[in-house]
Structures are given as C-alpha cells and as structure tokens.
file coords28.txt (compact mmCIF, C-alpha atoms)
# COMPACT_ATOMS: atom_id res chain seq x y z
CA MET A 14 -3.04 -1.99 -0.87
CA GLU A 15 -5.61 -2.86 -3.46
CA PHE A 16 -9.10 -3.77 -2.24
CA ASP A 17 -12.75 -3.70 -3.23
CA TYR A 18 -14.94 -2.22 -0.52
CA THR A 19 -18.71 -2.57 -0.50
CA LYS A 20 -21.32 -2.27 2.22
CA ASP A 21 -21.11 -5.95 3.14
CA LYS A 22 -17.64 -7.03 2.17
CA ILE A 23 -14.00 -6.18 1.61
CA VAL A 24 -12.10 -8.15 -1.03
CA ILE A 25 -8.30 -8.32 -0.90
CA ARG A 26 -6.54 -10.29 -3.61
CA ASP A 27 -3.01 -11.70 -3.58
CA LYS A 28 -2.36 -11.16 0.12
CA VAL A 29 0.55 -13.33 1.19
CA ILE A 30 -0.90 -15.23 4.12
CA SER A 31 1.08 -14.96 7.37
CA ALA A 32 1.18 -17.58 10.11
CA LEU A 33 -1.25 -15.43 12.13
CA ASP A 34 -3.65 -15.18 9.16
CA LYS A 35 -3.49 -18.95 8.69
CA PHE A 36 -4.17 -19.49 12.37
CA ALA A 37 -7.26 -17.24 12.21
CA LEU A 38 -8.46 -18.77 8.94
CA ASP A 39 -8.06 -22.37 10.14
CA PHE A 40 -10.00 -21.74 13.32
CA THR A 41 -12.80 -19.68 11.82
CA LYS A 42 -13.25 -22.08 8.90
CA SER A 43 -14.23 -24.80 11.38
CA LEU A 44 -16.23 -22.45 13.59
CA SER A 45 -18.28 -21.14 10.68
CA LYS A 46 -19.69 -24.61 10.02
CA TYR A 47 -21.48 -24.44 13.37
CA ALA A 48 -22.16 -20.80 14.15
CA ASN A 49 -21.91 -17.19 13.08
CA TYR A 50 -18.92 -15.41 14.50
CA VAL A 51 -17.20 -12.04 14.32
CA ILE A 52 -13.58 -11.02 14.93
CA VAL A 53 -13.31 -7.87 17.01
CA SER A 54 -9.69 -7.58 18.06
CA GLY A 55 -6.47 -5.89 17.05
CA TYR A 56 -6.11 -8.66 14.51
CA VAL A 57 -8.44 -6.63 12.29
CA ALA A 58 -5.76 -3.94 12.03
CA ILE A 59 -3.12 -6.59 11.33
CA LEU A 60 -5.31 -8.19 8.67
CA PHE A 61 -5.28 -4.85 6.86
CA GLY A 62 -1.55 -4.41 6.98
CA ARG A 63 -0.59 -3.10 10.40
CA ASN A 64 2.95 -4.21 11.07
CA ARG A 65 2.71 -5.90 14.43
CA ASN A 66 1.97 -9.33 15.82
CA SER A 67 -0.66 -10.38 18.32
CA GLU A 68 -0.92 -12.97 21.05
CA ASP A 69 -4.65 -13.39 20.73
CA ILE A 70 -7.58 -12.94 18.41
CA ASP A 71 -10.90 -12.00 20.02
CA VAL A 72 -13.93 -13.72 18.54
CA PHE A 73 -17.61 -13.46 19.45
CA VAL A 74 -19.63 -16.52 18.53
CA GLU A 75 -23.42 -16.51 18.48
CA ARG A 76 -25.06 -18.31 21.40
CA ILE A 77 -25.39 -21.90 20.24
CA ASP A 78 -26.78 -24.83 22.20
CA PHE A 79 -24.60 -27.45 23.84
CA ASP A 80 -25.11 -30.12 21.16
CA ARG A 81 -23.95 -27.81 18.41
CA PHE A 82 -21.03 -26.63 20.53
CA LYS A 83 -20.05 -30.26 21.16
CA ARG A 84 -19.93 -30.96 17.42
CA PHE A 85 -17.74 -27.88 16.93
CA TRP A 86 -15.53 -29.01 19.85
CA ILE A 87 -14.98 -32.44 18.27
CA GLU A 88 -13.96 -30.87 14.97
CA ILE A 89 -11.75 -28.14 16.40
CA SER A 90 -9.99 -30.61 18.69
CA LYS A 91 -8.38 -32.26 15.66
CA ASN A 92 -5.96 -29.35 15.27
CA PHE A 93 -6.50 -27.03 18.24
CA GLU A 94 -6.67 -27.47 21.97
CA CYS A 95 -8.55 -25.52 24.57
CA ILE A 96 -6.17 -23.95 27.08
CA ASN A 97 -8.80 -23.56 29.83
CA THR A 98 -10.19 -27.08 29.98
CA ARG A 99 -10.24 -30.43 28.19
CA ASP A 100 -13.83 -31.11 29.19
CA VAL A 101 -16.47 -30.07 26.67
CA LYS A 102 -19.22 -29.72 29.31
CA ALA A 103 -17.04 -27.48 31.47
CA ALA A 104 -16.03 -25.49 28.39
CA TYR A 105 -19.65 -24.81 27.53
CA TRP A 106 -21.28 -24.44 30.93
CA GLU A 107 -18.54 -23.22 33.25
CA TYR A 108 -16.83 -20.96 30.74
CA LEU A 109 -18.76 -19.80 27.68
CA SER A 110 -22.23 -19.80 29.23
CA SER A 111 -20.91 -18.21 32.42
CA GLY A 112 -19.45 -15.30 30.49
CA ILE A 113 -15.83 -16.52 30.59
CA SER A 114 -13.79 -16.73 27.39
CA LEU A 115 -12.34 -19.96 26.09
CA ARG A 116 -8.83 -19.85 24.68
CA PHE A 117 -7.81 -22.14 21.84
CA SER A 118 -4.32 -22.59 20.48
CA LYS A 119 -2.75 -24.99 18.00
CA LYS A 120 -1.84 -28.24 19.70
CA LYS A 121 1.25 -28.04 21.91
CA THR A 122 1.48 -24.27 21.55
CA PHE A 123 0.23 -21.45 23.72
CA ILE A 124 0.53 -18.41 21.50
CA PRO A 125 -1.22 -17.22 19.45
CA ASN A 126 -4.62 -18.15 20.75
CA ILE A 127 -8.23 -17.46 19.92
CA GLU A 128 -10.27 -15.89 22.71
CA LEU A 129 -13.77 -17.20 22.06
CA LYS A 130 -16.75 -15.72 23.88
CA PHE A 131 -20.50 -15.46 23.75
CA PRO A 132 -21.88 -11.96 23.21
CA LYS A 133 -22.95 -10.18 26.39
CA MET A 134 -23.59 -6.53 25.66
CA GLU A 135 -25.91 -5.08 23.04
CA LEU A 136 -22.76 -3.90 21.30
CA ASP A 137 -21.52 -7.49 20.94
CA TYR A 138 -24.80 -8.61 19.39
CA TRP A 139 -24.69 -5.63 17.03
CA SER A 140 -21.15 -6.57 15.94
CA LEU A 141 -22.38 -10.06 15.13
CA SER A 142 -25.49 -8.99 13.25
CA GLU A 143 -23.67 -6.29 11.29
CA ARG A 144 -20.49 -8.27 10.67
CA LYS A 145 -18.61 -7.64 7.47
CA LYS A 146 -17.18 -10.33 5.23
CA VAL A 147 -13.50 -10.14 4.26
CA LEU A 148 -12.42 -12.22 1.28
CA LEU A 149 -8.74 -13.09 0.92
CA ASP A 150 -8.75 -14.91 -2.42
CA ASP A 151 -10.41 -18.26 -1.54
CA HIS A 152 -10.55 -17.60 2.19
CA GLN A 153 -13.13 -15.69 4.17
CA LEU A 154 -13.38 -14.08 7.57
CA PHE A 155 -15.99 -11.97 9.32
CA ILE A 156 -15.04 -8.81 11.18
CA ALA A 157 -16.94 -6.18 13.14
CA PRO A 158 -17.82 -3.03 11.18
CA LEU A 159 -14.84 -0.69 11.03
CA GLU A 160 -17.07 2.25 12.00
CA LEU A 161 -17.38 0.51 15.39
CA GLN A 162 -13.85 -0.88 15.62
CA ILE A 163 -12.19 2.53 15.31
CA PRO A 164 -14.09 4.33 18.12
CA PHE A 165 -13.94 1.20 20.29
CA LYS A 166 -10.16 1.07 19.96
CA LEU A 167 -10.03 4.76 20.87
CA TYR A 168 -12.23 4.01 23.88
CA LEU A 169 -9.84 1.24 25.02
CA GLY A 170 -7.25 3.96 24.84
CA SER A 171 -3.82 2.32 25.14
CA GLU A 172 -1.15 3.62 22.79
CA LYS A 173 -1.36 0.34 20.86
CA ASP A 174 -5.15 0.67 20.53
CA ILE A 175 -4.94 4.27 19.32
CA GLU A 176 -2.28 3.24 16.79
CA ASP A 177 -4.53 0.41 15.55
CA ALA A 178 -7.43 2.86 15.20
CA LYS A 179 -5.24 5.30 13.30
CA HIS A 180 -4.06 2.55 10.96
CA ILE A 181 -7.56 1.29 10.15
CA TYR A 182 -8.91 4.81 9.68
CA GLY A 183 -5.95 5.76 7.50
CA VAL A 184 -6.46 2.80 5.18
CA PHE A 185 -10.26 3.03 4.87
CA LYS A 186 -11.15 6.67 5.55
CA ASP A 187 -12.46 7.28 2.03
CA LYS A 188 -14.79 4.27 2.28
CA LEU A 189 -16.20 4.49 5.78
CA ASN A 190 -19.70 5.57 6.72
CA LEU A 191 -18.61 8.71 8.57
CA VAL A 192 -22.07 9.35 10.02
CA LEU A 193 -22.02 5.94 11.68
CA LEU A 194 -18.40 6.36 12.75
CA HIS A 195 -19.15 9.63 14.49
CA ASP A 196 -22.33 8.27 16.02
CA PHE A 197 -20.13 5.68 17.73
CA ASN A 198 -17.54 8.33 18.57
CA ARG A 199 -20.29 10.22 20.38
CA LYS A 200 -21.53 7.08 22.17
CA PHE A 201 -18.02 6.16 23.32
CA LYS A 202 -17.14 9.82 24.02
CA THR A 203 -14.09 9.43 21.78
CA LEU A 204 -14.63 12.41 19.49
CA ASP A 205 -11.81 14.39 21.14
CA LEU A 206 -9.40 11.46 20.81
CA PHE A 207 -10.49 11.01 17.19
CA ASN A 208 -9.86 14.67 16.38
CA ARG A 209 -6.56 14.74 18.25
CA TYR A 210 -4.96 11.57 16.90
CA LEU A 211 -6.73 10.38 13.77
CA LYS A 212 -7.45 13.49 11.75
CA MET B 6 29.53 0.32 49.03
CA LYS B 7 26.15 1.28 47.67
CA LYS B 8 26.17 2.31 44.03
CA LYS B 9 24.97 5.81 43.24
CA LEU B 10 21.84 5.58 41.11
CA PRO B 11 21.12 8.05 38.31
CA ARG B 12 18.60 10.80 38.85
CA VAL B 13 15.16 9.97 37.41
CA ASP B 14 13.33 12.96 36.03
CA LEU B 15 9.70 11.83 35.69
CA LYS B 16 8.69 15.04 33.95
CA GLU B 17 11.39 14.49 31.35
CA LEU B 18 10.38 10.84 30.95
CA LYS B 19 6.74 11.79 30.51
CA LYS B 20 7.71 14.14 27.71
CA LEU B 21 9.89 11.45 26.14
CA LYS B 22 6.96 9.00 26.27
CA GLU B 23 4.64 11.57 24.65
CA ASP B 24 7.21 12.37 21.97
CA ASN B 25 7.68 8.66 21.22
CA PHE B 26 3.96 8.17 20.86
CA ARG B 27 3.61 11.21 18.61
CA GLU B 28 6.48 9.97 16.44
CA ARG B 29 4.89 6.52 16.16
CA LEU B 30 1.60 8.12 15.08
CA GLU B 31 3.45 10.13 12.44
CA PHE B 32 5.13 6.93 11.31
CA ILE B 33 1.70 5.27 10.92
CA ASP B 34 0.62 8.12 8.63
CA LYS B 35 3.69 7.55 6.47
CA TYR B 36 3.34 3.77 6.55
CA VAL B 37 -0.36 3.93 5.54
CA GLU B 38 0.57 6.29 2.71
CA TRP B 39 3.11 3.72 1.48
CA LEU B 40 0.74 0.80 2.08
CA LYS B 41 -2.01 2.37 -0.04
CA LYS B 42 0.20 2.61 -3.11
CA THR B 43 1.95 -0.73 -2.68
CA PRO B 44 0.67 -3.96 -4.31
CA ASN B 45 -0.84 -6.50 -1.90
CA LYS B 46 1.81 -9.09 -2.67
CA GLU B 47 4.59 -6.70 -1.70
CA TRP B 48 3.34 -5.26 1.59
CA SER B 49 1.96 -8.59 2.76
CA SER B 50 5.28 -10.36 2.02
CA GLN B 51 7.03 -7.84 4.27
CA GLN B 52 4.35 -8.24 6.92
CA LYS B 53 4.62 -12.03 6.77
CA GLU B 54 8.36 -11.78 7.30
CA LEU B 55 7.82 -9.69 10.42
CA ILE B 56 5.04 -11.87 11.84
CA ASP B 57 6.44 -15.30 10.98
call {"tool": "encode", "arguments": {"input": "coords28.txt", "output": "structure tokens"}}
result
Amino acid sequence: MEFDYTKDKIVIRDKVISALDKFALDFTKSLSKYANYVIVSGYVAILFGRNRNSEDIDVFVERIDFDRFKRFWIEISKNFECINTRDVKAAYWEYLSSGISLRFSKKKTFIPNIELKFPKMELDYWSLSERKKVLLDDHQLFIAPLELQIPFKLYLGSEKDIEDAKHIYGVFKDKLNLVLLHDFNRKFKTLDLFNRYLK
Amino acid sequence: MKKKLPRVDLKELKKLKEDNFRERLEFIDKYVEWLKKTPNKEWSSQQKELID
C-alpha cells in the first residue's frame, strides 16, 4: 500500500474502488454539500485494505437545522432512501434530533446502509472537529483520527473489532501520534488489550 | 428412537475459539506485511473482488 500521510490527510492513489467504497463516496459527496461529517465505523479499516465487507457505515453529521437537513434530504432522495421513515420531518425530529440514527440505503436495497447520527458525546464532537481527510484520487472522505479509532475498536472489544484495530495499527503504526494513541488507550482502559493483541 | 447426541466439551470449544482468534490475528500480521509492499492497484483489485 502506497500512501502519503500528513497531520490532516491521507492520500491513496490508484485504489480500485469497490462497491462499498462507491456507496460511501456517493452518500458523503451529497452530505458534504450541507454539513461536516465524519466516518467512524469498521469501514475505516476496510477503506485501508482490510479484507472484509460491512453491512453499515457509521457517520456522525454536525447538528444542522431542519431547513438545511431538508435540502440534503431532497438531494439524497434522488439515489438513496431512508429505511426508517419517508417523512423528512419525522426523520429530523423523531430520529436524528431525538438521538436515533437514520439508515440510508440505495433505492430498493437494504444492505449496505449508512447509519447517520448527530453527535451526542464529547467524543463524537471531537471526532468531527479533528476529522482527517482521505483522498482517493479525485474522491474525498473524512474519517475520525486513527489514534481514536484504534483504542475505540479495542474498547468495543468483539473479535472483529480487535482485528480491525490490529489492521489499522499495522498499516499506520509508523505514522501515528503514539502519545495521543496511548492517551486514548488510557481513557478507554484498553492499554492491556493493546499490548496483548496489537504489539 | 431418540438419536444420541455427541458430547459437547465447552472447555475444548473455548480453547478452539481462542486458538482461532489467535490464528486470525497472526494472519492479519502477515496480510498487513503483504499489503504494505503491494501496489494499491493490486491489493485493491483483490479486495474489490471479495467485496463486490
């Protein structure tokens, strides 16, 4: 894997785009016209080469007002549909604003889907404000900092999550801010898991 | 007549599960090693085949 890694962005050239990549790129291209967002899920590991598929892609979107959300809804509805509801007011007020995720899939499909949510915890806001740009040739995506993703995956703790963490750490270990990574390991109490499985 | 079911040794299964996990982690180390020296076009073509 060839990539350029700087503080704010990761550039990957010549990646052959998979159906899952295209799904994520199509959705986030529309979303980015209306709001800042950050991808926080296992898709981040897949984006960087992990050989597995995923049913959903978790996305935090900054808290936008209803009018802006409605404009996004009109655009996204051209190619995607919301699995939870067809009503834009319900989507905004009864789901997003009430702390419940919205799920969007391509029309007439169910999987994969985007799980879209407003940030709730301080951690979610931090992921958004510190998001990192990923450039895939002409396409771009924003992901949560890897120094957070790795300990968070360890905290989630399923075998799949630990494998994702190991993959991301293995690929980027020479580039990561290890002080920040271990600060998060301490906060999540995942230092033992990190030492046992990732080192 | 009721069929005789096989004995289930949970201790043995637990060890099997742990061994599987450890082997998968070792595989990730090897895969990442390969990934890092493989051109983007090549690894991502293989990944696309798996995902699509």
call {"tool": "residues_around", "arguments": {"input": "coords28.txt", "residues": "range 34-50 of chain A", "least_positions_apart": "5", "cutoff": "10 Å", "atoms": "all atoms listed in the file", "output": "PyMOL selection string"}}
result
(chain A and resi 28-29+56+59-60+69-70+72-77+81-86+88-89+92-93+117-119+125-127+129-132+140-142+144+149+152-157) or (chain B and resi 53+56)
call {"tool": "interface_residues", "arguments": {"input": "coords28.txt", "of": "chain B", "to": "chain A", "cutoff": "7 Å", "atoms": "all atoms listed in the file", "output": "number ranges by chain"}}
result
B: 30, 33, 37, 40-46, 49-50, 52-53, 56-57
call {"tool": "atom_distance", "arguments": {"input": "coords28.txt", "atom1": "CA of Lys22 in chain A", "atom2": "CA of Asp150 in chain A"}}
result
12.7 Å
call {"tool": "axis_aligned_box", "arguments": {"input": "coords28.txt", "around": "range 118-126 of chain A", "padding_each_side": "6 Å", "output": "AutoDock Vina command-line options"}}
result
--center_x -1.6 --center_y -22.7 --center_z 20.9 --size_x 18.1 --size_y 23.0 --size_z 17.7
call {"tool": "residues_around", "arguments": {"input": "coords28.txt", "residues": "Lys102 in chain A", "least_positions_apart": "2", "cutoff": "12 Å", "atoms": "all atoms listed in the file", "output": "PDB file with C-alpha atoms, in the frame of the given file"}}
result
ATOM      1  CA  ASP A  78     -26.780 -24.830  22.200  1.00  0.00           C
ATOM      2  CA  PHE A  79     -24.600 -27.450  23.840  1.00  0.00           C
ATOM      3  CA  ASP A  80     -25.110 -30.120  21.160  1.00  0.00           C
ATOM      4  CA  PHE A  82     -21.030 -26.630  20.530  1.00  0.00           C
ATOM      5  CA  LYS A  83     -20.050 -30.260  21.160  1.00  0.00           C
ATOM      6  CA  ARG A  84     -19.930 -30.960  17.420  1.00  0.00           C
ATOM      7  CA  TRP A  86     -15.530 -29.010  19.850  1.00  0.00           C
ATOM      8  CA  THR A  98     -10.190 -27.080  29.980  1.00  0.00           C
ATOM      9  CA  ARG A  99     -10.240 -30.430  28.190  1.00  0.00           C
ATOM     10  CA  ASP A 100     -13.830 -31.110  29.190  1.00  0.00           C
ATOM     11  CA  ALA A 104     -16.030 -25.490  28.390  1.00  0.00           C
ATOM     12  CA  TYR A 105     -19.650 -24.810  27.530  1.00  0.00           C
ATOM     13  CA  TRP A 106     -21.280 -24.440  30.930  1.00  0.00           C
ATOM     14  CA  GLU A 107     -18.540 -23.220  33.250  1.00  0.00           C
ATOM     15  CA  TYR A 108     -16.830 -20.960  30.740  1.00  0.00           C
ATOM     16  CA  LEU A 109     -18.760 -19.800  27.680  1.00  0.00           C
ATOM     17  CA  SER A 110     -22.230 -19.800  29.230  1.00  0.00           C
TER      18      SER A 110
END
call {"tool": "atom_distance", "arguments": {"input": "coords28.txt", "atom1": "CA of Val101 in chain A", "atom2": "CA of Ile87 in chain A"}}
result
8.9 Å
call {"tool": "closest_residue", "arguments": {"input": "coords28.txt", "among": "A:Asp71, A:Lys133, A:Ala178, A:Ile163", "to": "His195 in chain A", "atoms": "all atoms listed in the file"}}
result
A:Ile163
call {"tool": "atom_distance", "arguments": {"input": "coords28.txt", "atom1": "CA of Phe201 in chain A", "atom2": "CA of Phe165 in chain A"}}
result
7.1 Å
call {"tool": "closest_residue", "arguments": {"input": "coords28.txt", "among": "A:Thr203, A:Ser111, A:Thr122, A:Asn97", "to": "Leu169 in chain A", "atoms": "all atoms listed in the file"}}
result
A:Thr203
call {"tool": "closest_residue", "arguments": {"input": "coords28.txt", "among": "A:Ala58, A:Leu115, A:Val192, A:Met134", "to": "Lys166 in chain A", "atoms": "only C-alpha atoms"}}
result
A:Ala58
call {"tool": "decode", "arguments": {"input": "coords28.txt", "residues": "range 28-48 of chain B", "atoms": "N, CA, C and O atoms", "output": "CSV table (one decimal), in the first residue's frame"}}
result
chain,number,residue,atom,x,y,z
B,28,GLU,N,-5.0,-17.3,15.6
B,28,GLU,CA,-4.6,-17.6,14.3
B,28,GLU,C,-5.0,-16.4,13.3
B,28,GLU,O,-4.2,-16.1,12.4
B,29,ARG,N,-6.2,-15.9,13.5
B,29,ARG,CA,-6.7,-14.8,12.7
B,29,ARG,C,-5.8,-13.6,12.9
B,29,ARG,O,-5.5,-12.9,12.0
B,30,LEU,N,-5.4,-13.3,14.2
B,30,LEU,CA,-4.6,-12.2,14.4
B,30,LEU,C,-3.2,-12.3,13.8
B,30,LEU,O,-2.7,-11.4,13.2
B,31,GLU,N,-2.7,-13.6,13.8
B,31,GLU,CA,-1.4,-13.8,13.2
B,31,GLU,C,-1.5,-13.6,11.7
B,31,GLU,O,-0.6,-13.1,11.0
B,32,PHE,N,-2.7,-14.0,11.1
B,32,PHE,CA,-2.9,-13.8,9.7
B,32,PHE,C,-3.0,-12.4,9.4
B,32,PHE,O,-2.4,-11.9,8.3
B,33,ILE,N,-3.6,-11.5,10.2
B,33,ILE,CA,-3.6,-10.1,10.0
B,33,ILE,C,-2.2,-9.5,9.9
B,33,ILE,O,-1.9,-8.7,9.0
B,34,ASP,N,-1.3,-10.0,10.8
B,34,ASP,CA,0.1,-9.5,10.7
B,34,ASP,C,0.7,-9.8,9.4
B,34,ASP,O,1.3,-9.0,8.8
B,35,LYS,N,0.5,-11.0,8.9
B,35,LYS,CA,1.0,-11.4,7.6
B,35,LYS,C,0.4,-10.7,6.5
B,35,LYS,O,1.1,-10.2,5.5
B,36,TYR,N,-0.9,-10.5,6.5
B,36,TYR,CA,-1.6,-9.8,5.5
B,36,TYR,C,-1.2,-8.3,5.4
B,36,TYR,O,-0.9,-7.8,4.3
B,37,VAL,N,-1.0,-7.7,6.6
B,37,VAL,CA,-0.6,-6.3,6.6
B,37,VAL,C,0.8,-6.2,6.0
B,37,VAL,O,1.1,-5.2,5.3
B,38,GLU,N,1.6,-7.1,6.4
B,38,GLU,CA,3.0,-7.2,5.8
B,38,GLU,C,3.0,-7.2,4.3
B,38,GLU,O,3.7,-6.5,3.6
B,39,TRP,N,2.1,-8.1,3.8
B,39,TRP,CA,2.0,-8.2,2.3
B,39,TRP,C,1.4,-6.9,1.7
B,39,TRP,O,1.9,-6.4,0.7
B,40,LEU,N,0.3,-6.4,2.4
B,40,LEU,CA,-0.4,-5.2,1.9
B,40,LEU,C,0.6,-4.0,1.8
B,40,LEU,O,0.5,-3.3,0.8
B,41,LYS,N,1.5,-3.9,2.8
B,41,LYS,CA,2.4,-2.7,2.8
B,41,LYS,C,3.4,-2.7,1.6
B,41,LYS,O,3.9,-1.7,1.2
B,42,LYS,N,3.7,-3.9,1.1
B,42,LYS,CA,4.6,-3.9,0.0
B,42,LYS,C,3.9,-4.2,-1.4
B,42,LYS,O,4.6,-4.4,-2.4
B,43,THR,N,2.6,-4.1,-1.4
B,43,THR,CA,1.9,-4.4,-2.6
B,43,THR,C,1.3,-3.1,-3.2
B,43,THR,O,0.7,-2.3,-2.4
B,44,PRO,N,1.4,-2.9,-4.5
B,44,PRO,CA,0.9,-1.6,-5.1
B,44,PRO,C,-0.6,-1.5,-4.9
B,44,PRO,O,-1.3,-2.6,-4.8
B,45,ASN,N,-1.1,-0.3,-4.8
B,45,ASN,CA,-2.5,-0.1,-4.4
B,45,ASN,C,-3.5,-0.7,-5.4
B,45,ASN,O,-4.5,-1.3,-5.1
B,46,LYS,N,-3.1,-0.7,-6.7
B,46,LYS,CA,-4.0,-1.3,-7.7
B,46,LYS,C,-4.2,-2.8,-7.5
B,46,LYS,O,-5.3,-3.3,-7.6
B,47,GLU,N,-3.1,-3.4,-7.0
B,47,GLU,CA,-3.1,-4.9,-6.9
B,47,GLU,C,-4.0,-5.3,-5.7
B,47,GLU,O,-4.9,-6.1,-5.8
B,48,TRP,N,-3.6,-4.8,-4.5
B,48,TRP,CA,-4.4,-5.2,-3.3
B,48,TRP,C,-5.9,-4.8,-3.4
B,48,TRP,O,-6.8,-5.5,-3.0
